[in-house]
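A.B. asks: Right, I'll just put the structure down here and ask away after.
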Amino acid sequence: METPNLEWDKLPFGYVKADYNVRCTYKDGKWGDIVVSDSEYVPLHIAASCLHYGQESFEGLKAFRGADGKVRVFRMEENAKRFIRSAEGISMQPMPVEKFCEMVRMVVKLNERFIPPYESGASLYIRPLEIGISPKIGVSPAEEYMVIMLVTPVGPYFKNGFKPTKVCLSRDYDRVAPKGTGSIKIGGNYAASLNAGQKAHELGYSVMLYLDPKEKKYLDECGAANFYGVKGNTYVTPASETILPSITNKSLRQLARDMGMTVEERHIPYEELTEFEEVGTCGTAAVCTAIGLIDDIDEGRKFEYGMEDAGPVTTKLYHKLRGIQYGTEPDTHGWCEVIEFDK
């Protein structure tokens, strides 16, 4: 097996072509066989419902090569369940958990040589995608769907890796509408965040921190990731119908409980930013990243938490979670599946 000519420790969080992707089509009322492809393109009808009416959802999960040489996929059944919720949220055909997991295992095995080595700081990112492929001019759900799983080796989401990042906050942008699609993982949510993200980058910040879209009183998503704060021995994260339930955040909450911390999922008022000792953002791409500064660009108010190093709770949670993913910490909750490769 030839190793790709890649500088693993310098990989960005971006796309690198791997060898294969896998696909499965829903047609005539059933899911078909999984098909292996080496093409980066999909044949689509010009009237496909994904193109005209946004019938598209996706997921993100990772495979890690551990210190023991084993390859672990982190919590793929949770991703499969969320994939179902997203499909149902926009009237697409949900893929069964078992089929989803079968496709994950297959695409990881097919692209074994693209799984970065241990201690490179990189991982194999797995991107499942579901699209409506029936031609539609009238507004209605498709009858046929395709699920595609592609992989790419990736480096850290934030350029500085595990270092505090700066974010900005503005009331001029909403990520999603109240009672809309904020709690499911569809491309439209991310399209709606692009202008805000570009504004943040232009001002020198990594992402935009949103307030709730209804009252502008409570903290919502942080870019494309969940927000959390640490106050004493309490881990606090927003509870809202407009926030995507993060599998990473769910895992961090459990690890915080394991550490003896109190966990609160509730509305977080904007004013409470002054009370946290640590704040951060978390998700599959970012894992958990400390926020050193929040700049309210509307009111000229800054909330500072320290740009030198992540706080002790964030640091402990990060290393605990990464240790589980890389096999250096006990997986007491059974979150990882070891992929068995053919010899």
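Here's how to read the names in the structure tokens: chain A, B, ... by the order shown, residue numbers from 1 in each chain, ligand numbers from 1 in the order shown.
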Among range 24-91 of chain A, which residues carry a DSSP assignment of helix (DSSP H, G or I), reported as a list in words?
C.D. replies: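 Of range 24-91 of chain A, only Ser49, Cys50, Leu51, His52, Met76, Glu77, Glu78, Asn79, Ala80, Lys81, Arg82, Phe83, Ile84, Arg85, Ser86, Ala87, Glu88 and Gly89 of chain A fall in helix (DSSP H, G or I).
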A.B. asks: How would the residues just chosen look if you wrote them out with N, CA and C atoms as a PDB file, in the first residue's frame?
C.D. replies:
ATOM      1  N   SER A  49     -34.183  17.886  -7.187  1.00  0.00           N
ATOM      2  CA  SER A  49     -34.754  18.639  -6.062  1.00  0.00           C
ATOM      3  C   SER A  49     -33.688  19.219  -5.138  1.00  0.00           C
ATOM      4  N   CYS A  50     -32.493  18.611  -5.106  1.00  0.00           N
ATOM      5  CA  CYS A  50     -31.422  19.171  -4.273  1.00  0.00           C
ATOM      6  C   CYS A  50     -30.954  20.513  -4.809  1.00  0.00           C
ATOM      7  N   LEU A  51     -31.027  20.692  -6.130  1.00  0.00           N
ATOM      8  CA  LEU A  51     -30.562  21.932  -6.748  1.00  0.00           C
ATOM      9  C   LEU A  51     -31.595  23.044  -6.645  1.00  0.00           C
ATOM     10  N   HIS A  52     -32.871  22.692  -6.722  1.00  0.00           N
ATOM     11  CA  HIS A  52     -33.921  23.706  -6.778  1.00  0.00           C
ATOM     12  C   HIS A  52     -34.568  23.987  -5.428  1.00  0.00           C
ATOM     13  N   MET A  76     -20.047   6.878  15.384  1.00  0.00           N
ATOM     14  CA  MET A  76     -20.724   6.967  14.086  1.00  0.00           C
ATOM     15  C   MET A  76     -22.225   6.691  14.190  1.00  0.00           C
ATOM     16  N   GLU A  77     -22.654   5.904  15.175  1.00  0.00           N
ATOM     17  CA  GLU A  77     -24.089   5.677  15.314  1.00  0.00           C
ATOM     18  C   GLU A  77     -24.830   6.954  15.690  1.00  0.00           C
ATOM     19  N   GLU A  78     -24.177   7.827  16.454  1.00  0.00           N
ATOM     20  CA  GLU A  78     -24.791   9.124  16.780  1.00  0.00           C
ATOM     21  C   GLU A  78     -24.939   9.971  15.518  1.00  0.00           C
ATOM     22  N   ASN A  79     -23.921   9.929  14.652  1.00  0.00           N
ATOM     23  CA  ASN A  79     -24.023  10.646  13.378  1.00  0.00           C
ATOM     24  C   ASN A  79     -25.138  10.060  12.514  1.00  0.00           C
ATOM     25  N   ALA A  80     -25.263   8.732  12.534  1.00  0.00           N
ATOM     26  CA  ALA A  80     -26.316   8.086  11.752  1.00  0.00           C
ATOM     27  C   ALA A  80     -27.700   8.530  12.216  1.00  0.00           C
ATOM     28  N   LYS A  81     -27.884   8.644  13.518  1.00  0.00           N
ATOM     29  CA  LYS A  81     -29.172   9.081  14.065  1.00  0.00           C
ATOM     30  C   LYS A  81     -29.448  10.542  13.692  1.00  0.00           C
ATOM     31  N   ARG A  82     -28.421  11.372  13.753  1.00  0.00           N
ATOM     32  CA  ARG A  82     -28.612  12.781  13.394  1.00  0.00           C
ATOM     33  C   ARG A  82     -28.882  12.919  11.899  1.00  0.00           C
ATOM     34  N   PHE A  83     -28.265  12.060  11.100  1.00  0.00           N
ATOM     35  CA  PHE A  83     -28.503  12.031   9.646  1.00  0.00           C
ATOM     36  C   PHE A  83     -29.978  11.734   9.360  1.00  0.00           C
ATOM     37  N   ILE A  84     -30.553  10.847  10.147  1.00  0.00           N
ATOM     38  CA  ILE A  84     -31.975  10.526  10.014  1.00  0.00           C
ATOM     39  C   ILE A  84     -32.827  11.745  10.357  1.00  0.00           C
ATOM     40  N   ARG A  85     -32.501  12.415  11.456  1.00  0.00           N
ATOM     41  CA  ARG A  85     -33.270  13.602  11.871  1.00  0.00           C
ATOM     42  C   ARG A  85     -33.223  14.691  10.797  1.00  0.00           C
ATOM     43  N   SER A  86     -32.068  14.865  10.194  1.00  0.00           N
ATOM     44  CA  SER A  86     -31.939  15.884   9.153  1.00  0.00           C
ATOM     45  C   SER A  86     -32.782  15.528   7.937  1.00  0.00           C
ATOM     46  N   ALA A  87     -32.728  14.267   7.537  1.00  0.00           N
ATOM     47  CA  ALA A  87     -33.519  13.821   6.384  1.00  0.00           C
ATOM     48  C   ALA A  87     -35.003  14.039   6.640  1.00  0.00           C
ATOM     49  N   GLU A  88     -35.451  13.636   7.807  1.00  0.00           N
ATOM     50  CA  GLU A  88     -36.864  13.793   8.142  1.00  0.00           C
ATOM     51  C   GLU A  88     -37.266  15.259   8.211  1.00  0.00           C
ATOM     52  N   GLY A  89     -36.328  16.121   8.609  1.00  0.00           N
ATOM     53  CA  GLY A  89     -36.620  17.539   8.758  1.00  0.00           C
ATOM     54  C   GLY A  89     -36.907  18.252   7.450  1.00  0.00           C
TER      55      GLY A  89
END
A.B. asks: I'd like a table as CSV: residues in range 161-261 of chain A with an atom no more than 12 Å from range 331-340 of chain A, each row giving the shortest atom pair and its distance in Å to one decimal, only C-alpha atoms counted, sorted by chain and rising residue number.
C.D. replies:
residue,atom,partner,partner_atom,distance
A:Ile247,CA,A:Trp335,CA,10.7
A:Thr248,CA,A:Trp335,CA,11.0
A:Lys250,CA,A:Trp335,CA,11.4
A:Ser251,CA,A:Trp335,CA,8.9
A:Gln254,CA,A:His333,CA,9.2
A:Leu255,CA,A:His333,CA,9.7
A:Asp258,CA,A:Thr332,CA,10.3
A.B. asks: Kindly export the residues of the current selection with N, CA and C atoms, as a PDB file, in the first residue's frame.
C.D. replies:
ATOM      1  N   ILE A 247     -22.503  16.312  18.525  1.00  0.00           N
ATOM      2  CA  ILE A 247     -22.089  15.038  19.111  1.00  0.00           C
ATOM      3  C   ILE A 247     -20.837  15.237  19.956  1.00  0.00           C
ATOM      4  N   THR A 248     -19.971  16.150  19.530  1.00  0.00           N
ATOM      5  CA  THR A 248     -18.787  16.472  20.331  1.00  0.00           C
ATOM      6  C   THR A 248     -19.200  17.106  21.654  1.00  0.00           C
ATOM      7  N   LYS A 250     -22.055  16.773  23.192  1.00  0.00           N
ATOM      8  CA  LYS A 250     -22.665  15.708  23.999  1.00  0.00           C
ATOM      9  C   LYS A 250     -21.587  14.891  24.710  1.00  0.00           C
ATOM     10  N   SER A 251     -20.504  14.619  23.999  1.00  0.00           N
ATOM     11  CA  SER A 251     -19.401  13.848  24.580  1.00  0.00           C
ATOM     12  C   SER A 251     -18.683  14.653  25.663  1.00  0.00           C
ATOM     13  N   GLN A 254     -20.591  14.655  28.899  1.00  0.00           N
ATOM     14  CA  GLN A 254     -20.419  13.427  29.658  1.00  0.00           C
ATOM     15  C   GLN A 254     -19.055  13.392  30.343  1.00  0.00           C
ATOM     16  N   LEU A 255     -18.026  13.831  29.628  1.00  0.00           N
ATOM     17  CA  LEU A 255     -16.690  13.852  30.239  1.00  0.00           C
ATOM     18  C   LEU A 255     -16.635  14.839  31.400  1.00  0.00           C
ATOM     19  N   ASP A 258     -18.079  13.107  34.236  1.00  0.00           N
ATOM     20  CA  ASP A 258     -17.107  12.130  34.729  1.00  0.00           C
ATOM     21  C   ASP A 258     -16.056  12.792  35.613  1.00  0.00           C
TER      22      ASP A 258
END
A.B. asks: With distances taken over only C-alpha atoms, which residue among A:Tyr326, A:Phe100, A:Tyr205, A:Tyr318 lies nearest Gly223 in chain A?
C.D. replies: A:Tyr205
A.B. asks: For range 3-17 of chain A, find every residue with an atom within 12 Å (counting only C-alpha atoms), except residues of its own chain fewer than 5 positions away, and show them as a count of residues only.
C.D. replies: 36
A.B. asks: Among range 107-289 of chain A, which residues does DSSP mark as strand (DSSP E) when it is run on the backbone? Keep the chain and numbering as in the structure and answer as a ChimeraX atom specification.
C.D. replies: /A:123-132,145-154,165-169,207-211,219-222,226-231,234-238,262-266,278-283,287-289
A.B. asks: Of the residues A:Glu329, A:Glu215, A:Asp295, A:Glu221, which is the one nearest to Ser193 in chain A, using only C-alpha atoms?
C.D. replies: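 Selected residue with least distance to Ser193 in chain A: A:Glu221.
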A.B. asks: Give me the residues within 6 Å of Met146 in chain A as a PDB file with all heavy atoms, in the first residue's frame, counting only C-alpha atoms and dropping any in the same chain fewer than 6 places off.
C.D. replies:
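Generated file (selection_30.pdb):
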ATOM      1  N   CYS A  24     -24.999   5.120  -2.410  1.00  0.00           N
ATOM      2  CA  CYS A  24     -26.159   4.242  -2.295  1.00  0.00           C
ATOM      3  C   CYS A  24     -27.390   5.046  -2.681  1.00  0.00           C
ATOM      4  O   CYS A  24     -27.563   6.187  -2.240  1.00  0.00           O
ATOM      5  CB  CYS A  24     -26.282   3.711  -0.870  1.00  0.00           C
ATOM      6  SG  CYS A  24     -27.573   2.482  -0.654  1.00  0.00           S
ATOM      7  N   THR A  25     -28.250   4.465  -3.516  1.00  0.00           N
ATOM      8  CA  THR A  25     -29.416   5.174  -4.051  1.00  0.00           C
ATOM      9  C   THR A  25     -30.714   4.573  -3.528  1.00  0.00           C
ATOM     10  O   THR A  25     -30.863   3.346  -3.457  1.00  0.00           O
ATOM     11  CB  THR A  25     -29.403   5.123  -5.596  1.00  0.00           C
ATOM     12  OG1 THR A  25     -28.192   5.724  -6.072  1.00  0.00           O
ATOM     13  CG2 THR A  25     -30.585   5.876  -6.171  1.00  0.00           C
ATOM     14  N   GLU A 130     -26.535  13.428   1.714  1.00  0.00           N
ATOM     15  CA  GLU A 130     -27.746  12.918   1.076  1.00  0.00           C
ATOM     16  C   GLU A 130     -28.361  14.020   0.220  1.00  0.00           C
ATOM     17  O   GLU A 130     -28.485  15.171   0.664  1.00  0.00           O
ATOM     18  CB  GLU A 130     -28.784  12.436   2.086  1.00  0.00           C
ATOM     19  CG  GLU A 130     -30.039  11.893   1.395  1.00  0.00           C
ATOM     20  CD  GLU A 130     -31.009  11.153   2.295  1.00  0.00           C
ATOM     21  OE1 GLU A 130     -30.725  11.008   3.509  1.00  0.00           O
ATOM     22  OE2 GLU A 130     -32.066  10.713   1.786  1.00  0.00           O
ATOM     23  N   ILE A 131     -28.755  13.657  -1.002  1.00  0.00           N
ATOM     24  CA  ILE A 131     -29.359  14.621  -1.922  1.00  0.00           C
ATOM     25  C   ILE A 131     -30.598  14.032  -2.575  1.00  0.00           C
ATOM     26  O   ILE A 131     -30.673  12.834  -2.846  1.00  0.00           O
ATOM     27  CB  ILE A 131     -28.367  15.068  -3.024  1.00  0.00           C
ATOM     28  CG1 ILE A 131     -27.761  13.857  -3.746  1.00  0.00           C
ATOM     29  CG2 ILE A 131     -27.282  15.966  -2.452  1.00  0.00           C
ATOM     30  CD1 ILE A 131     -26.866  14.223  -4.924  1.00  0.00           C
TER      31      ILE A 131
END
A.B. asks: So that I can check the surroundings of His319 in chain A, please list as a ChimeraX atom specification every protein, DNA and RNA residue that reaches within 10 Å of it, counting only C-alpha atoms and ignoring chain neighbours fewer than 5 positions away.
C.D. replies: /A:288,314,324-325,328-329
